>>> print(open('my_file36.txt').read())   # compact mmCIF, C-alpha atoms and all ligand atoms
# COMPACT_ATOMS: atom_id res chain seq x y z
CA MET A 24 139.25 -12.76 117.29
CA ARG A 25 141.19 -9.55 117.13
CA LEU A 26 142.23 -8.27 113.78
CA ALA A 27 145.77 -7.04 113.21
CA ALA A 28 144.36 -3.66 112.20
CA GLU A 29 142.63 -3.34 115.59
CA ASP A 30 145.85 -4.15 117.42
CA SER A 31 147.69 -1.59 115.42
CA ALA A 32 145.02 1.03 116.04
CA ALA A 33 145.15 0.27 119.76
CA SER A 34 148.91 0.58 119.90
CA GLY A 35 148.73 3.81 117.91
CA LEU A 36 146.28 5.19 120.45
CA ARG A 37 148.45 4.10 123.33
CA HIS A 38 151.44 5.77 121.75
CA ARG A 39 149.53 9.01 121.28
CA ILE A 40 148.33 8.98 124.89
CA GLU A 41 151.80 8.21 126.22
CA THR A 42 153.47 10.95 124.21
CA LEU A 43 151.03 13.58 125.47
CA PHE A 44 151.08 12.21 129.01
CA VAL A 45 154.86 12.05 129.41
CA ALA A 46 155.31 15.58 128.08
CA HIS A 47 152.70 17.26 130.28
CA VAL A 48 151.71 15.12 133.26
CA GLU A 49 153.83 16.98 135.79
CA ALA A 50 152.43 20.36 134.82
CA VAL A 51 148.85 19.10 134.74
CA TYR A 52 149.19 17.30 138.08
CA ASN A 53 150.84 20.33 139.64
CA VAL A 54 148.05 22.70 138.61
CA ALA A 55 145.42 20.27 139.90
CA HIS A 56 147.26 19.81 143.18
CA ARG A 57 147.76 23.53 143.75
CA VAL A 58 143.99 23.95 143.58
CA LEU A 59 142.95 20.86 145.53
CA TRP A 60 145.93 20.12 147.83
CA ASN A 61 145.14 16.45 147.80
CA ARG A 62 146.89 13.70 145.84
CA ALA A 63 143.86 11.50 145.14
CA ASP A 64 141.81 14.42 143.79
CA ALA A 65 144.76 15.74 141.80
CA GLU A 66 145.17 12.30 140.23
CA ASP A 67 141.48 12.18 139.31
CA VAL A 68 141.66 15.59 137.70
CA THR A 69 144.87 14.67 135.87
CA GLN A 70 143.27 11.56 134.41
CA ARG A 71 140.12 13.39 133.40
CA THR A 72 142.20 16.11 131.77
CA PHE A 73 144.08 13.67 129.53
CA VAL A 74 140.96 11.67 128.71
CA LYS A 75 139.18 14.87 127.65
CA ALA A 76 142.16 16.12 125.72
CA ILE A 77 142.60 12.88 123.76
CA THR A 78 138.86 12.63 123.17
CA ARG A 79 138.78 16.16 121.77
CA GLY A 80 141.85 15.09 119.89
CA GLU A 81 142.98 16.77 116.74
CA GLN A 82 141.25 20.06 117.31
CA LEU A 83 144.68 21.24 118.40
CA ARG A 84 147.50 20.96 115.91
CA ASP A 85 149.90 23.65 117.05
CA THR A 86 152.08 21.85 119.60
CA ARG A 87 153.13 25.05 121.35
CA ARG A 88 149.51 25.55 122.28
CA VAL A 89 149.09 22.12 123.83
CA ARG A 90 150.46 22.96 127.28
CA PRO A 91 148.20 25.95 128.02
CA TRP A 92 145.24 24.10 126.52
CA LEU A 93 145.82 21.13 128.85
CA LEU A 94 146.35 23.36 131.86
CA GLN A 95 143.13 25.19 131.11
CA ILE A 96 141.24 21.89 131.08
CA ALA A 97 142.98 20.82 134.29
CA TYR A 98 142.29 24.10 136.05
CA ARG A 99 138.60 24.03 135.15
CA GLU A 100 138.26 20.40 136.18
CA ALA A 101 139.97 21.13 139.49
CA ILE A 102 137.67 24.06 140.22
CA THR A 103 134.70 21.81 139.46
CA VAL A 104 135.95 19.18 141.90
CA LEU A 105 136.55 21.83 144.52
CA ARG A 106 133.00 23.09 144.23
CA GLN A 107 131.57 19.57 144.37
CA ARG A 108 133.68 18.90 147.43
CA ARG A 109 132.22 21.89 149.20
CA ASP A 110 128.78 20.88 148.09
CA VAL A 111 127.50 24.41 148.50
CA PRO A 112 126.36 26.96 145.93
CA THR A 113 129.35 28.98 144.87
CA ASP A 114 129.72 32.43 143.45
CA PRO A 115 131.27 31.96 139.97
CA GLY A 116 133.92 34.53 140.79
CA GLU A 117 134.96 32.69 143.90
CA LEU A 118 137.98 30.43 143.86
CA PRO A 119 139.56 27.78 146.06
CA GLU A 120 141.24 28.30 149.37
CA THR A 121 142.30 26.69 152.61
CA PRO A 122 145.01 24.36 151.32
CA VAL A 123 145.86 21.51 153.63
CA LEU A 124 149.39 22.84 153.88
CA ASP A 125 148.02 25.91 155.58
CA ALA A 126 147.48 23.78 158.64
CA ALA A 127 151.17 23.22 159.21
CA PRO A 128 153.34 25.87 157.60
CA ASP A 129 155.64 25.86 160.62
CA ASP A 130 156.25 22.13 160.37
CA ALA A 131 157.09 22.56 156.73
CA ALA A 132 159.52 25.34 157.56
CA VAL A 133 161.15 23.30 160.29
CA ALA A 134 161.64 20.49 157.84
CA SER A 135 163.96 22.93 156.05
CA ASP A 136 163.25 21.18 152.81
CA VAL A 137 163.19 23.82 150.09
CA ARG A 138 160.30 22.22 148.23
CA SER A 139 158.20 22.16 151.41
CA ILE A 140 159.03 25.75 152.19
CA VAL A 141 158.09 26.92 148.72
CA GLY A 142 154.92 24.78 148.84
CA ALA A 143 153.94 26.26 152.19
CA ALA A 144 154.56 29.78 150.90
CA LEU A 145 152.43 29.10 147.83
CA ALA A 146 149.72 27.67 150.08
CA ARG A 147 149.52 31.00 151.87
CA LEU A 148 148.75 33.02 148.76
CA SER A 149 145.19 33.78 147.82
CA PRO A 150 143.87 31.17 145.35
CA ASP A 151 143.81 33.64 142.44
CA GLU A 152 147.32 34.88 143.08
CA ARG A 153 148.64 31.40 143.72
CA MET A 154 147.41 30.01 140.42
CA ALA A 155 148.76 33.04 138.56
CA VAL A 156 152.21 32.47 140.07
CA VAL A 157 152.02 28.71 139.47
CA LEU A 158 151.20 29.25 135.80
CA ARG A 159 153.61 32.11 135.14
CA ASP A 160 156.59 31.21 137.31
CA VAL A 161 156.37 27.51 138.15
CA GLU A 162 155.04 26.39 134.75
CA GLY A 163 156.61 29.23 132.80
CA LEU A 164 153.62 30.15 130.64
CA PRO A 165 153.68 33.50 128.84
CA MET A 166 151.38 36.07 130.41
CA ASN A 167 148.73 35.84 127.67
CA ASP A 168 148.49 32.07 128.21
CA VAL A 169 148.20 32.63 131.96
CA ALA A 170 145.27 34.93 131.20
CA ASP A 171 143.66 32.32 128.91
CA VAL A 172 143.97 29.54 131.47
CA LEU A 173 142.55 31.73 134.23
CA GLY A 174 139.82 33.05 131.98
CA VAL A 175 140.67 36.69 132.63
CA GLY A 176 142.20 39.53 130.63
CA VAL A 177 145.95 39.98 130.35
CA SER A 178 146.02 43.01 132.64
CA ALA A 179 144.11 41.13 135.36
CA ALA A 180 146.49 38.19 134.98
CA LYS A 181 149.46 40.53 135.24
CA MET A 182 148.05 42.07 138.40
CA ARG A 183 147.58 38.64 139.98
CA VAL A 184 151.12 37.62 139.09
CA HIS A 185 152.41 40.92 140.45
CA ARG A 186 150.60 40.57 143.78
CA GLY A 187 151.34 36.88 144.02
CA ARG A 188 155.05 37.42 143.55
CA ALA A 189 155.04 40.13 146.21
CA SER A 190 153.30 37.81 148.70
CA LEU A 191 155.60 34.95 147.83
CA ARG A 192 158.63 37.20 148.26
CA ASP A 193 157.43 38.40 151.67
CA ARG A 194 156.85 34.83 152.81
CA LEU A 195 160.12 33.49 151.50
CA ALA A 196 162.39 36.41 152.33
CA THR A 197 162.31 35.59 156.04
CA LYS A 198 163.22 31.94 155.45
CA GLU A 199 166.78 30.71 155.12
CA VAL A 200 166.37 28.95 151.82
CA ARG A 201 168.92 30.74 149.67
CA MET X 17 160.44 58.07 140.65
CA ARG X 18 159.24 57.21 144.14
CA CYS X 19 159.59 53.82 145.84
CA GLU X 20 155.86 53.10 145.47
CA ASP X 21 156.06 53.78 141.72
CA MET X 22 158.96 51.39 141.60
CA ALA X 23 156.98 48.72 143.47
CA GLU X 24 154.15 49.08 140.96
CA ARG X 25 156.50 48.59 138.02
CA LEU X 26 158.42 45.67 139.49
CA THR X 27 156.71 42.93 137.49
CA ASP X 28 156.83 44.88 134.25
CA LEU X 29 160.51 45.53 134.81
CA MET X 30 161.18 41.85 135.50
CA GLU X 31 159.18 40.88 132.43
CA GLY X 32 160.97 43.45 130.26
CA ARG X 33 157.69 45.18 129.51
CA LEU X 34 158.51 48.74 130.48
CA ASP X 35 158.96 51.21 127.67
CA PRO X 36 162.54 52.51 127.36
CA ASP X 37 161.95 55.79 129.21
CA GLU X 38 160.24 54.08 132.13
CA GLU X 39 162.87 51.41 132.26
CA ALA X 40 165.64 54.03 132.39
CA ALA X 41 163.83 55.83 135.21
CA ALA X 42 163.34 52.56 137.10
CA LEU X 43 167.00 51.60 136.76
CA ALA X 44 168.08 55.06 137.85
CA HIS X 45 165.89 54.77 140.95
CA LEU X 46 167.23 51.29 141.71
CA ALA X 47 170.81 52.49 141.47
CA GLY X 48 170.18 54.99 144.24
CA CYS X 49 167.71 53.11 146.47
CA VAL X 50 168.90 50.21 148.61
CA HIS X 51 165.34 49.43 149.68
CA CYS X 52 164.02 48.91 146.15
CA GLU X 53 167.17 47.12 145.10
CA THR X 54 166.61 44.64 147.94
CA VAL X 55 162.93 44.24 147.08
CA LEU X 56 163.81 43.48 143.47
CA ALA X 57 166.52 40.99 144.44
CA ASP X 58 164.19 39.24 146.92
CA THR X 59 161.43 39.07 144.30
CA ARG X 60 163.81 37.58 141.75
CA ASP X 61 164.93 35.03 144.35
CA ALA X 62 161.32 34.12 145.14
CA VAL X 63 160.52 33.64 141.46
CA GLN X 64 163.64 31.52 141.03
CA LEU X 65 162.63 29.35 144.00
CA ALA X 66 159.15 28.92 142.54
CA GLN X 67 160.67 27.92 139.19
CA ASP X 68 163.09 25.44 140.71
CA HIS X 69 161.07 23.98 143.58
CA GLY X 70 157.44 24.98 143.07
CA ARG X 71 156.14 21.75 141.57
CA VAL X 72 154.49 19.06 143.63
CA GLU X 73 156.49 15.86 143.43
CA LEU X 74 154.87 13.06 141.47
CA ALA X 75 155.87 9.50 142.40
CA ASP X 76 156.70 7.07 139.59
CA GLU X 77 154.06 4.58 140.71
CA ASP X 78 151.38 7.29 140.75
CA ARG X 79 152.41 8.35 137.29
CA ALA X 80 152.26 4.77 135.99
CA ARG X 81 148.88 4.12 137.59
CA MET X 82 147.41 7.25 136.04
CA LEU X 83 148.73 6.39 132.60
CA ASP X 84 147.29 2.86 132.77
CA SER X 85 143.96 4.22 133.87
CA ILE X 86 143.85 6.82 131.08
CA VAL X 87 144.76 4.24 128.44
CA GLY X 88 142.14 1.90 129.89
CA GLN X 89 139.42 4.56 129.81
CA LEU X 90 140.18 5.59 126.24
CA ALA X 91 140.70 2.08 124.87
CA ALA X 92 137.63 0.55 126.55
CA PRO X 93 134.96 1.68 124.07
CA ARG X 94 136.89 0.09 121.17
CA ASP X 95 137.08 -3.27 122.91
CA ALA X 96 133.41 -3.32 123.87
CA PRO X 97 131.34 -5.70 121.74
CA SER X 98 129.59 -3.73 119.06
CA ALA X 99 126.12 -4.53 117.75
CA ASP X 100 127.10 -4.86 114.12
CA ARG X 101 129.95 -7.31 114.59
ZN ZN A 301 163.06 52.99 146.25
>>> encode(input="my_file36.txt", output="structure tokens")
Amino acid sequence: MRLAAEDSAASGLRHRIETLFVAHVEAVYNVAHRVLWNRADAEDVTQRTFVKAITRGEQLRDTRRVRPWLLQIAYREAITVLRQRRDVPTDPGELPETPVLDAAPDDAAVASDVRSIVGAALARLSPDERMAVVLRDVEGLPMNDVADVLGVGVSAAKMRVHRGRASLRDRLATKEVR
Amino acid sequence: MRCEDMAERLTDLMEGRLDPDEEAAALAHLAGCVHCETVLADTRDAVQLAQDHGRVELADEDRARMLDSIVGQLAAPRDAPSADR
């Protein structure tokens, strides 16, 4: 027999999960996907990120800090999945590459769908530069949060954003997307 | 200021992080250099495109499935029979 108090605790938990999920799922999923370039893996990482976040729970009270905190969990989880996928020893400084989109950037361009074109351009960036641009420009994090999520200093983060934007510009400037 | 100095300061300029003297020098260079003006405009366009179209699309059914799964994973331990009940 379920007690009313248990039902109410369960619905309180569900409400807490939903609130966090609805506010951040697109950002979390996007970060995971831009590392893994695969929907199933990005979904796994997204789920694990929210489960971890809720489990760690109230250690985070400042709501402005929630987004970068979640994206940091997501990014680390995604890197872990990527390394497992490769199943080879990896240099800790080494980061993901070879997005699936790389295989068909021309198809994406021909599709003349702006989202595909931007996705294909992002796919062509180096993994470090891509994630810096995703965090700073796509997700709109301040530079110090970008640095925290990436686990580097602010000047290194700035350099990655700087180079990433330049590559993105060079790849997009030749396309008729404006 | 030379064009390569300008290129180096592009991100700081866009982020409003140059100190006033450097910013004045950068703007003065831009006013007289079509090349750098174009580079800046193209970079701003690229950033705008990333902002507006850079996210992977997430289907409603995928979103719903993930939420159900997360709720299920987090609620499960509470529903499991406990030894002292
Ligand atoms: Zn110039």
>>> atom_distance(input="my_file36.txt", atom1="CA of Ile140 (chain A)", atom2="CA of Glu66 (chain A)")
22.7 Å
>>> residues_around(input="my_file36.txt", residues="Leu158 (chain A)", least_positions_apart="4", cutoff="6 Å", atoms="all atoms listed in the file", output="count of residues only")
3
>>> residues_around(input="my_file36.txt", residues="His69 (chain X)", least_positions_apart="6", cutoff="9 Å", atoms="only C-alpha atoms", output="list in words")
Val137, Arg138, Ser139, Val141, Gly142 and Val161 of chain A
>>> residues_near_ligand(input="my_file36.txt", ligand="ligand ZN 301 (chain A)", cutoff="12 Å", atoms="all atoms listed in the file", output="mmCIF file with C-alpha atoms, in the coordinates of the input")
data_model
loop_
_atom_site.group_PDB
_atom_site.id
_atom_site.type_symbol
_atom_site.label_atom_id
_atom_site.label_comp_id
_atom_site.auth_asym_id
_atom_site.auth_seq_id
_atom_site.Cartn_x
_atom_site.Cartn_y
_atom_site.Cartn_z
ATOM 1 C CA MET X 17 160.440 58.070 140.650
ATOM 2 C CA ARG X 18 159.240 57.210 144.140
ATOM 3 C CA CYS X 19 159.590 53.820 145.840
ATOM 4 C CA GLU X 20 155.860 53.100 145.470
ATOM 5 C CA ASP X 21 156.060 53.780 141.720
ATOM 6 C CA MET X 22 158.960 51.390 141.600
ATOM 7 C CA ALA X 23 156.980 48.720 143.470
ATOM 8 C CA GLU X 24 154.150 49.080 140.960
ATOM 9 C CA ARG X 25 156.500 48.590 138.020
ATOM 10 C CA LEU X 26 158.420 45.670 139.490
ATOM 11 C CA ALA X 41 163.830 55.830 135.210
ATOM 12 C CA ALA X 42 163.340 52.560 137.100
ATOM 13 C CA LEU X 43 167.000 51.600 136.760
ATOM 14 C CA ALA X 44 168.080 55.060 137.850
ATOM 15 C CA HIS X 45 165.890 54.770 140.950
ATOM 16 C CA LEU X 46 167.230 51.290 141.710
ATOM 17 C CA ALA X 47 170.810 52.490 141.470
ATOM 18 C CA GLY X 48 170.180 54.990 144.240
ATOM 19 C CA CYS X 49 167.710 53.110 146.470
ATOM 20 C CA VAL X 50 168.900 50.210 148.610
ATOM 21 C CA HIS X 51 165.340 49.430 149.680
ATOM 22 C CA CYS X 52 164.020 48.910 146.150
ATOM 23 C CA GLU X 53 167.170 47.120 145.100
ATOM 24 C CA THR X 54 166.610 44.640 147.940
ATOM 25 C CA VAL X 55 162.930 44.240 147.080
ATOM 26 C CA LEU X 56 163.810 43.480 143.470
#
>>> interface_residues(input="my_file36.txt", of="chain X", to="chain A", cutoff="6 Å", atoms="all atoms listed in the file", output="mmCIF file with C-alpha atoms, in the frame of the given file")
data_model
loop_
_atom_site.group_PDB
_atom_site.id
_atom_site.type_symbol
_atom_site.label_atom_id
_atom_site.label_comp_id
_atom_site.auth_asym_id
_atom_site.auth_seq_id
_atom_site.Cartn_x
_atom_site.Cartn_y
_atom_site.Cartn_z
ATOM 1 C CA THR X 27 156.710 42.930 137.490
ATOM 2 C CA THR X 59 161.430 39.070 144.300
ATOM 3 C CA ALA X 62 161.320 34.120 145.140
ATOM 4 C CA ALA X 66 159.150 28.920 142.540
ATOM 5 C CA GLN X 67 160.670 27.920 139.190
ATOM 6 C CA HIS X 69 161.070 23.980 143.580
ATOM 7 C CA GLY X 70 157.440 24.980 143.070
ATOM 8 C CA ARG X 71 156.140 21.750 141.570
ATOM 9 C CA VAL X 72 154.490 19.060 143.630
ATOM 10 C CA ILE X 86 143.850 6.820 131.080
#
>>> atom_distance(input="my_file36.txt", atom1="CA of Val68 (chain A)", atom2="CA of Val104 (chain A)")
7.9 Å
>>> atom_distance(input="my_file36.txt", atom1="CA of Val51 (chain A)", atom2="CA of Leu94 (chain A)")
5.7 Å
>>> closest_residue(input="my_file36.txt", among="A:Gly187, A:Gly174, A:Gly80, A:Pro91", to="Pro150 (chain A)", atoms="only C-alpha atoms")
A:Gly187
>>> closest_residue(input="my_file36.txt", among="A:Ala27, A:Leu43, A:Val89, A:Ile102", to="Asp168 (chain A)", atoms="all atoms listed in the file")
A:Val89
>>> build_atoms(input="my_file36.txt", residues="region 23-48 of chain X", atoms="N, CA, C and O atoms", output="compact mmCIF listing (two decimals), in the coordinates of the input")
# COMPACT_ATOMS: atom_id res chain seq x y z
N ALA X 23 157.65 49.97 143.06
CA ALA X 23 156.98 48.72 143.47
C ALA X 23 155.91 48.33 142.44
O ALA X 23 155.76 47.16 142.09
N GLU X 24 155.19 49.34 141.95
CA GLU X 24 154.15 49.08 140.96
C GLU X 24 154.71 48.53 139.65
O GLU X 24 154.07 47.74 138.97
N ARG X 25 155.93 48.97 139.31
CA ARG X 25 156.50 48.59 138.02
C ARG X 25 157.39 47.35 138.08
O ARG X 25 157.99 46.95 137.08
N LEU X 26 157.48 46.77 139.28
CA LEU X 26 158.42 45.67 139.49
C LEU X 26 158.23 44.51 138.50
O LEU X 26 159.18 44.04 137.88
N THR X 27 156.97 44.07 138.37
CA THR X 27 156.71 42.93 137.49
C THR X 27 157.00 43.29 136.04
O THR X 27 157.63 42.51 135.32
N ASP X 28 156.55 44.47 135.63
CA ASP X 28 156.83 44.88 134.25
C ASP X 28 158.32 44.99 133.99
O ASP X 28 158.80 44.61 132.92
N LEU X 29 159.05 45.46 134.97
CA LEU X 29 160.51 45.53 134.81
C LEU X 29 161.10 44.13 134.67
O LEU X 29 161.90 43.86 133.77
N MET X 30 160.65 43.22 135.55
CA MET X 30 161.18 41.85 135.50
C MET X 30 160.81 41.15 134.20
O MET X 30 161.53 40.28 133.72
N GLU X 31 159.65 41.52 133.66
CA GLU X 31 159.18 40.88 132.43
C GLU X 31 159.71 41.60 131.19
O GLU X 31 159.38 41.22 130.07
N GLY X 32 160.46 42.69 131.40
CA GLY X 32 160.97 43.45 130.26
C GLY X 32 159.87 44.15 129.49
O GLY X 32 159.95 44.31 128.28
N ARG X 33 158.84 44.58 130.19
CA ARG X 33 157.69 45.18 129.51
C ARG X 33 157.58 46.69 129.70
O ARG X 33 156.59 47.29 129.29
N LEU X 34 158.55 47.29 130.35
CA LEU X 34 158.51 48.74 130.48
C LEU X 34 158.99 49.38 129.18
O LEU X 34 159.86 48.83 128.51
N ASP X 35 158.41 50.55 128.84
CA ASP X 35 158.96 51.21 127.67
C ASP X 35 160.31 51.83 128.05
O ASP X 35 160.61 51.99 129.24
N PRO X 36 161.14 52.13 127.08
CA PRO X 36 162.54 52.51 127.36
C PRO X 36 162.70 53.65 128.37
O PRO X 36 163.57 53.58 129.24
N ASP X 37 161.85 54.67 128.28
CA ASP X 37 161.95 55.79 129.21
C ASP X 37 161.67 55.35 130.64
O ASP X 37 162.40 55.69 131.58
N GLU X 38 160.61 54.56 130.79
CA GLU X 38 160.24 54.08 132.13
C GLU X 38 161.31 53.15 132.69
O GLU X 38 161.61 53.18 133.88
N GLU X 39 161.84 52.33 131.80
CA GLU X 39 162.87 51.41 132.26
C GLU X 39 164.11 52.18 132.74
O GLU X 39 164.68 51.86 133.79
N ALA X 40 164.49 53.21 131.99
CA ALA X 40 165.64 54.03 132.39
C ALA X 40 165.39 54.68 133.74
O ALA X 40 166.27 54.69 134.62
N ALA X 41 164.17 55.19 133.94
CA ALA X 41 163.83 55.83 135.21
C ALA X 41 163.86 54.82 136.35
O ALA X 41 164.36 55.11 137.44
N ALA X 42 163.35 53.61 136.07
CA ALA X 42 163.34 52.56 137.10
C ALA X 42 164.77 52.17 137.48
O ALA X 42 165.10 52.04 138.67
N LEU X 43 165.61 52.00 136.48
CA LEU X 43 167.00 51.60 136.76
C LEU X 43 167.75 52.70 137.51
O LEU X 43 168.56 52.41 138.41
N ALA X 44 167.44 53.94 137.15
CA ALA X 44 168.08 55.06 137.85
C ALA X 44 167.66 55.06 139.32
O ALA X 44 168.49 55.26 140.22
N HIS X 45 166.36 54.82 139.56
CA HIS X 45 165.89 54.77 140.95
C HIS X 45 166.58 53.63 141.71
O HIS X 45 167.05 53.80 142.83
N LEU X 46 166.62 52.46 141.07
CA LEU X 46 167.23 51.29 141.71
C LEU X 46 168.69 51.54 142.09
O LEU X 46 169.15 51.11 143.16
N ALA X 47 169.38 52.24 141.23
CA ALA X 47 170.81 52.49 141.47
C ALA X 47 171.02 53.32 142.74
O ALA X 47 172.07 53.20 143.40
N GLY X 48 169.99 54.13 143.09
CA GLY X 48 170.18 54.99 144.24
C GLY X 48 169.33 54.61 145.44
O GLY X 48 169.26 55.35 146.42
